[in-house]
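Next comes target-v6.cif, with mmCIF, C-alpha atoms and all ligand atoms.
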data_protein
loop_
_atom_site.label_atom_id
_atom_site.label_comp_id
_atom_site.auth_asym_id
_atom_site.auth_seq_id
_atom_site.Cartn_x
_atom_site.Cartn_y
_atom_site.Cartn_z
CA MET F 40 59.31 -17.33 -6.21
CA PRO F 41 55.81 -15.95 -6.99
CA GLU F 42 55.23 -12.44 -5.73
CA ALA F 43 53.30 -11.77 -2.53
CA ARG F 44 50.34 -9.42 -2.77
CA ARG F 45 48.98 -7.07 -0.11
CA LEU F 46 45.43 -8.25 0.53
CA PHE F 47 42.49 -7.58 2.81
CA PHE F 48 38.82 -8.49 3.16
CA ALA F 49 36.52 -5.49 3.06
CA MET F 50 33.13 -4.07 2.19
CA ALA F 51 32.83 -1.37 -0.46
CA LEU F 52 30.56 1.66 -0.37
CA PRO F 53 27.99 2.01 -3.15
CA LYS F 54 28.89 4.82 -5.59
CA PRO F 55 26.01 7.19 -4.60
CA LEU F 56 27.07 6.94 -0.95
CA GLN F 57 30.73 7.56 -1.90
CA GLN F 58 29.64 10.80 -3.56
CA GLN F 59 27.50 11.89 -0.62
CA VAL F 60 30.35 11.22 1.80
CA ILE F 61 32.97 13.15 -0.19
CA THR F 62 30.64 16.13 -0.70
CA TRP F 63 29.90 16.30 3.02
CA ARG F 64 33.58 15.77 3.87
CA ALA F 65 34.67 18.69 1.64
CA GLU F 66 32.17 20.96 3.44
CA SER F 67 32.99 19.70 6.93
CA PHE F 68 36.79 19.60 7.21
CA ALA F 69 39.45 22.22 6.71
CA ALA F 70 41.68 21.61 3.68
CA ASP F 71 44.71 21.15 5.95
CA ALA F 72 42.99 18.63 8.27
CA GLY F 73 44.40 15.65 6.37
CA ARG F 74 44.60 13.88 3.00
CA PRO F 75 41.14 12.94 1.75
CA VAL F 76 40.80 9.26 0.85
CA ALA F 77 39.74 8.99 -2.82
CA ALA F 78 36.02 8.27 -3.31
CA ALA F 79 36.69 4.91 -4.95
CA ASN F 80 38.91 3.91 -2.02
CA LEU F 81 36.28 4.43 0.69
CA HIS F 82 35.79 1.02 2.31
CA MET F 83 35.43 -0.82 5.59
CA THR F 84 38.14 -3.39 6.28
CA LEU F 85 36.95 -6.66 7.81
CA ALA F 86 40.32 -8.42 8.08
CA PHE F 87 43.78 -7.33 7.00
CA LEU F 88 45.89 -10.17 5.58
CA GLY F 89 49.17 -8.40 4.78
CA GLU F 90 51.57 -9.45 2.03
CA ILE F 91 50.66 -13.03 1.32
CA SER F 92 51.43 -15.72 -1.25
CA GLU F 93 49.05 -16.75 -4.04
CA GLN F 94 48.65 -20.09 -2.32
CA LYS F 95 47.56 -18.56 0.98
CA ALA F 96 45.29 -16.10 -0.84
CA SER F 97 43.63 -18.96 -2.65
CA VAL F 98 43.06 -20.91 0.60
CA LEU F 99 41.48 -17.84 2.21
CA ALA F 100 39.37 -17.07 -0.86
CA ASP F 101 38.08 -20.62 -0.81
CA ILE F 102 37.14 -20.30 2.87
CA ALA F 103 35.43 -16.95 2.17
CA SER F 104 33.42 -18.47 -0.68
CA ARG F 105 31.87 -20.95 1.76
CA ILE F 106 30.83 -18.38 4.39
CA GLN F 107 27.07 -18.16 4.89
CA SER F 108 26.62 -14.91 6.78
CA PRO F 109 23.56 -12.66 6.77
CA ALA F 110 23.30 -9.41 4.81
CA PHE F 111 22.77 -6.36 7.04
CA SER F 112 22.30 -2.61 7.20
CA MET F 113 24.12 -0.25 9.47
CA GLN F 114 23.87 3.39 10.43
CA LEU F 115 26.96 5.50 9.75
CA ASP F 116 26.39 7.84 12.66
CA ASP F 117 29.74 8.06 14.42
CA LEU F 118 32.83 10.05 13.68
CA GLY F 119 36.25 10.00 15.28
CA HIS F 120 39.90 10.97 15.05
CA TRP F 121 42.88 8.76 15.85
CA PRO F 122 45.77 11.24 15.96
CA ARG F 123 48.54 8.62 16.22
CA PRO F 124 47.84 6.85 12.90
CA GLY F 125 46.42 10.18 11.64
CA VAL F 126 43.01 8.85 10.63
CA VAL F 127 39.63 10.58 10.68
CA TRP F 128 36.94 7.94 10.37
CA LEU F 129 33.25 7.32 9.94
CA GLY F 130 31.70 4.48 11.90
CA SER F 131 28.66 3.28 13.73
CA ARG F 132 27.59 3.75 17.33
CA ARG F 133 26.04 0.29 17.24
CA ALA F 134 27.82 -2.07 14.87
CA PRO F 135 25.44 -4.85 13.78
CA THR F 136 26.10 -8.31 15.18
CA ALA F 137 26.24 -9.70 11.63
CA LEU F 138 29.13 -7.36 10.81
CA LEU F 139 31.05 -8.22 13.99
CA GLN F 140 30.54 -11.95 13.44
CA LEU F 141 31.66 -11.78 9.80
CA ALA F 142 34.79 -9.82 10.73
CA SER F 143 35.56 -12.15 13.61
CA LEU F 144 35.20 -15.22 11.39
CA LEU F 145 37.46 -13.76 8.68
CA ARG F 146 40.02 -12.62 11.23
CA SER F 147 40.16 -16.00 12.91
CA HIS F 148 40.59 -17.80 9.56
CA ALA F 149 43.29 -15.27 8.66
CA ALA F 150 45.10 -15.87 11.95
CA ARG F 151 44.87 -19.65 11.52
CA ASN F 152 46.50 -19.26 8.14
CA GLY F 153 49.41 -17.28 9.51
CA CYS F 154 48.19 -13.71 8.88
CA HIS F 155 49.05 -11.72 11.97
CA GLN F 156 45.97 -10.04 13.46
CA SER F 157 46.13 -6.96 15.63
CA THR F 158 45.44 -7.52 19.32
CA LEU F 159 43.45 -4.28 19.39
CA PRO F 160 39.68 -4.74 19.44
CA PHE F 161 38.06 -4.59 15.99
CA HIS F 162 36.59 -1.15 15.43
CA PRO F 163 34.68 -1.10 12.13
CA HIS F 164 35.32 2.19 10.34
CA ILE F 165 35.69 3.91 7.00
CA SER F 166 38.83 6.06 6.81
CA LEU F 167 37.96 9.54 5.51
CA LEU F 168 41.23 11.44 5.99
CA ARG F 169 44.79 10.21 6.40
CA GLY F 170 47.83 12.06 7.68
CA ALA F 171 45.57 13.84 10.19
CA THR F 172 48.07 13.91 13.04
CA GLN F 173 47.30 17.40 14.34
CA PRO F 174 44.39 18.20 16.67
CA LEU F 175 41.28 19.07 14.67
CA ALA F 176 37.67 20.06 15.18
CA LEU F 177 35.24 17.33 14.19
CA PRO F 178 31.80 18.34 12.95
CA ALA F 179 29.24 18.01 15.74
CA SER F 180 27.33 15.28 13.94
CA THR F 181 27.26 13.22 10.78
CA PRO F 182 24.45 12.94 8.26
CA GLN F 183 22.40 9.84 9.06
CA TRP F 184 23.60 7.53 6.34
CA THR F 185 22.53 3.91 6.09
CA LEU F 186 24.97 1.42 4.57
CA THR F 187 23.33 -1.71 3.22
CA VAL F 188 25.79 -4.55 2.88
CA ALA F 189 24.91 -7.45 0.58
CA ASP F 190 28.41 -8.70 -0.18
CA PHE F 191 32.05 -8.56 0.87
CA GLY F 192 35.25 -8.93 -1.10
CA LEU F 193 38.92 -9.80 -1.19
CA TYR F 194 40.93 -6.72 -2.20
CA GLU F 195 44.45 -6.09 -3.32
CA SER F 196 46.15 -2.86 -2.26
CA ARG F 197 48.82 -1.46 -4.57
CA PHE F 198 50.91 1.64 -4.16
CA HIS F 199 51.85 2.96 -7.57
CA GLN F 200 53.00 6.41 -8.75
CA GLY F 201 52.34 7.91 -5.34
CA ARG F 202 48.78 6.58 -5.07
CA THR F 203 47.19 3.69 -3.24
CA ARG F 204 44.65 1.80 -5.31
CA TYR F 205 42.51 -1.15 -4.36
CA GLN F 206 41.29 -3.83 -6.71
CA CYS F 207 38.51 -6.23 -5.84
CA LEU F 208 39.78 -9.72 -6.73
CA HIS F 209 36.65 -11.65 -5.72
CA SER F 210 33.40 -10.84 -3.99
CA TRP F 211 30.85 -13.07 -2.31
CA PRO F 212 27.19 -12.44 -1.53
CA LEU F 213 25.89 -12.35 2.00
CA VAL F 214 22.69 -14.26 2.63
CA SER F 215 19.48 -12.26 2.32
CA SER F 216 16.67 -13.18 4.68
CA PRO F 217 13.66 -14.65 2.87
CA PRO F 218 10.68 -12.29 2.60
CA SER F 219 8.39 -12.77 5.58
CA PRO F 220 5.04 -14.41 4.72
CA CYS F 221 2.11 -12.00 4.79
P1 LIG Z 1 48.24 3.74 2.62
O1 LIG Z 1 48.83 2.82 3.66
O2 LIG Z 1 48.88 3.52 1.28
O3 LIG Z 1 48.16 5.15 3.04
P2 LIG Z 1 45.89 2.21 3.13
O4 LIG Z 1 46.24 2.14 4.59
O5 LIG Z 1 44.44 2.39 2.80
O6 LIG Z 1 46.70 3.33 2.39
P3 LIG Z 1 46.92 -0.41 3.06
O7 LIG Z 1 47.98 -0.07 4.08
O8 LIG Z 1 47.31 -1.33 1.96
O9 LIG Z 1 46.35 0.88 2.39
O10 LIG Z 1 45.71 -1.03 3.87
C1 LIG Z 1 44.56 -1.60 3.27
C2 LIG Z 1 43.47 -1.67 4.34
O11 LIG Z 1 43.93 -2.49 5.42
C3 LIG Z 1 43.16 -0.32 4.97
O12 LIG Z 1 41.79 -0.35 5.37
C4 LIG Z 1 44.02 -0.26 6.20
O13 LIG Z 1 43.45 0.55 7.21
C5 LIG Z 1 44.00 -1.73 6.63
N1 LIG Z 1 45.26 -2.07 7.31
C6 LIG Z 1 46.52 -1.82 6.89
N2 LIG Z 1 47.43 -2.32 7.75
C7 LIG Z 1 46.73 -2.90 8.75
C8 LIG Z 1 47.08 -3.60 9.93
N3 LIG Z 1 48.35 -3.81 10.28
N4 LIG Z 1 46.09 -4.06 10.74
C9 LIG Z 1 44.79 -3.87 10.40
N5 LIG Z 1 44.38 -3.23 9.29
C10 LIG Z 1 45.32 -2.75 8.47
MG MG Z 2 48.17 1.67 5.33
#

Once you've parsed the file, please lay out its structure as structure tokens.
Ligand code: ATP
Ligand code: MG
Amino acid sequence: MPEARRLFFAMALPKPLQQQVITWRAESFAADAGRPVAAANLHMTLAFLGEISEQKASVLADIASRIQSPAFSMQLDDLGHWPRPGVVWLGSRRAPTALLQLASLLRSHAARNGCHQSTLPFHPHISLLRGATQPLALPASTPQWTLTVADFGLYESRFHQGRTRYQCLHSWPLVSSPPSPC
């Protein structure tokens, strides 16, 4: 039987923003606050698919390739701590409608194809620290970063030699709005 792979739809952070985030994170959190997520692993999950077959992955990739959803920008201006899963995250006080609609579309296609979706409301976030199960002091504010999102991808997550790595299997462009006539 072909092997199942652990897949999810997500948006990546551009490299310069990854570097800005990890520099700020190193200055803003105590070393024992949690395990820093590697720069290359910083991402925002849109829909988690779980361990799925090649056949299901190919159906979902085909659906994703036909999505016509607008590109968008968002402010990364929110910060929080979920002690139970032990995650410190970066998010947005006002998630753009385009992001919520894209995630909702992907999650509903995932559910229709048998990928269990959490019943918790979708809370778009970028995990910064993991294993952060103890109370901690969050910095009072975050730098005002803007994340511009022009594409999204299907990622594989692999745990190997004690490290989680993600590989982008496919990515698809979001639709840019035409320049307004002057
Ligand atoms: P690790 O679990 O190895 O510490 P990770 O959580 O980043 O690292 P995965 O568990 O493979 O790696 O998850 C990949 C992405 O999917 C992450 O953004 C994770 O938060 C998200 N994710 C994992 N499990 C679920 C789930 N049950 N529901 C929703 N999102 C999930
Ligand atoms: Mg996990």

Exercise for the section: Excluding Ala77 of chain F and residues on its chain fewer than 6 positions from it, collect all residues at most 10 Å away from it, counting all atoms listed in the file, and give them as a PyMOL selection string. Expected result: chain F and resi 57+61+167-168+202-204

Problem - Within-6 Å residues of ligand LIG 1 (chain Z), basis all atoms listed in the file, as an MDAnalysis selection string - result: chainID F and resid 47 84 87 157 196 203

Export C-alpha atoms of the chosen residues as a compact mmCIF listing (two decimals), keeping the file's coordinate frame?
# COMPACT_ATOMS: atom_id res chain seq x y z
CA PHE F 47 42.49 -7.58 2.81
CA THR F 84 38.14 -3.39 6.28
CA PHE F 87 43.78 -7.33 7.00
CA SER F 157 46.13 -6.96 15.63
CA SER F 196 46.15 -2.86 -2.26
CA THR F 203 47.19 3.69 -3.24

Handout entry: Best match for closeness to His164 of chain F among F:Gln206, F:Ser131, F:Ser215, F:Ser104, counting only C-alpha atoms
Key =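 Of all the options, F:Ser131 lies closest to His164 of chain F.
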
Problem - Proximity to Gly153 of chain F - best of F:Gln140, F:Gln200, F:Ser92, F:Thr172, all atoms listed in the file - result: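 Among the listed residues, F:Ser92 lies closest to Gly153 of chain F.
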
Problem - d(atom CA of Leu88 of chain F, atom CA of Arg146 of chain F) in Å - result: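 It comes out at 8.5 Å.
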
Practice task
Work out how far atom CA of Asp190 of chain F is from atom CA of Trp211 of chain F, in Å to one decimal.
Solution key: 5.4 Å

Contacts of Gly170 of chain F at 12 Å (only C-alpha atoms; same-chain gap of 6+ positions) as a short mmCIF file (atom, residue, chain, number, x, y, z; two decimals) with C-alpha atoms, in the coordinates of the input:
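Output file result_31.cif follows:
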data_model
loop_
_atom_site.label_atom_id
_atom_site.label_comp_id
_atom_site.auth_asym_id
_atom_site.auth_seq_id
_atom_site.Cartn_x
_atom_site.Cartn_y
_atom_site.Cartn_z
CA ASP F 71 44.71 21.15 5.95
CA ALA F 72 42.99 18.63 8.27
CA GLY F 73 44.40 15.65 6.37
CA ARG F 74 44.60 13.88 3.00
CA PRO F 75 41.14 12.94 1.75
CA VAL F 76 40.80 9.26 0.85
CA HIS F 120 39.90 10.97 15.05
CA TRP F 121 42.88 8.76 15.85
CA PRO F 122 45.77 11.24 15.96
CA ARG F 123 48.54 8.62 16.22
CA PRO F 124 47.84 6.85 12.90
CA GLY F 125 46.42 10.18 11.64
CA VAL F 126 43.01 8.85 10.63
CA VAL F 127 39.63 10.58 10.68
CA TRP F 128 36.94 7.94 10.37
#

Practice task
Enter the distance from atom CA of Leu56 of chain F to atom CA of Leu81 of chain F, in Å, rounded to one decimal.
Solution key: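 We find that atom CA of Leu56 of chain F and atom CA of Leu81 of chain F lie 9.7 Å from each other.
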
Practice task
Choose the residue, out of F:His209, F:His82, F:His199, F:Arg169, that has the smallest atom-to-atom separation from ligand MG 2 (chain Z); count only C-alpha atoms and all ligand atoms.
Solution key: F:Arg169

Practice task
Name all residues at most 9 Å from Leu46 of chain F (count all atoms listed in the file; drop same-chain ones fewer than 5 positions away) and give them as a list in words.
Solution key: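 Selected residues are Phe87, Leu88, Gly89, Glu90, Ile91, Ala96, Leu193, Tyr194, Glu195 and Ser196 of chain F.
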
Handout entry: Closest of F:Arg45, F:Arg133, F:His148, F:Arg64 to ligand MG 2 (chain Z) - atom-to-atom distances counting all atoms listed in the file
Key =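 Residue with the minimum atom-to-atom distance to ligand MG 2 (chain Z): F:Arg45.
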
Handout entry: Residues near segment 114-116 of chain F, cut-off 10 Å, only C-alpha atoms, skip fewer than 6 positions along chain, as a PyMOL selection string
Key = chain F and resi 129-135+164-165+180-187

Around all of segment 153-168 of chain F's listed atoms, make the axis-aligned box with 3 Å on each side and tell me centre and edge lengths in Å to one decimal, as JSON.
{"center_x": 42.0, "center_y": -2.9, "center_z": 12.5, "size_x": 20.7, "size_y": 34.7, "size_z": 19.9}
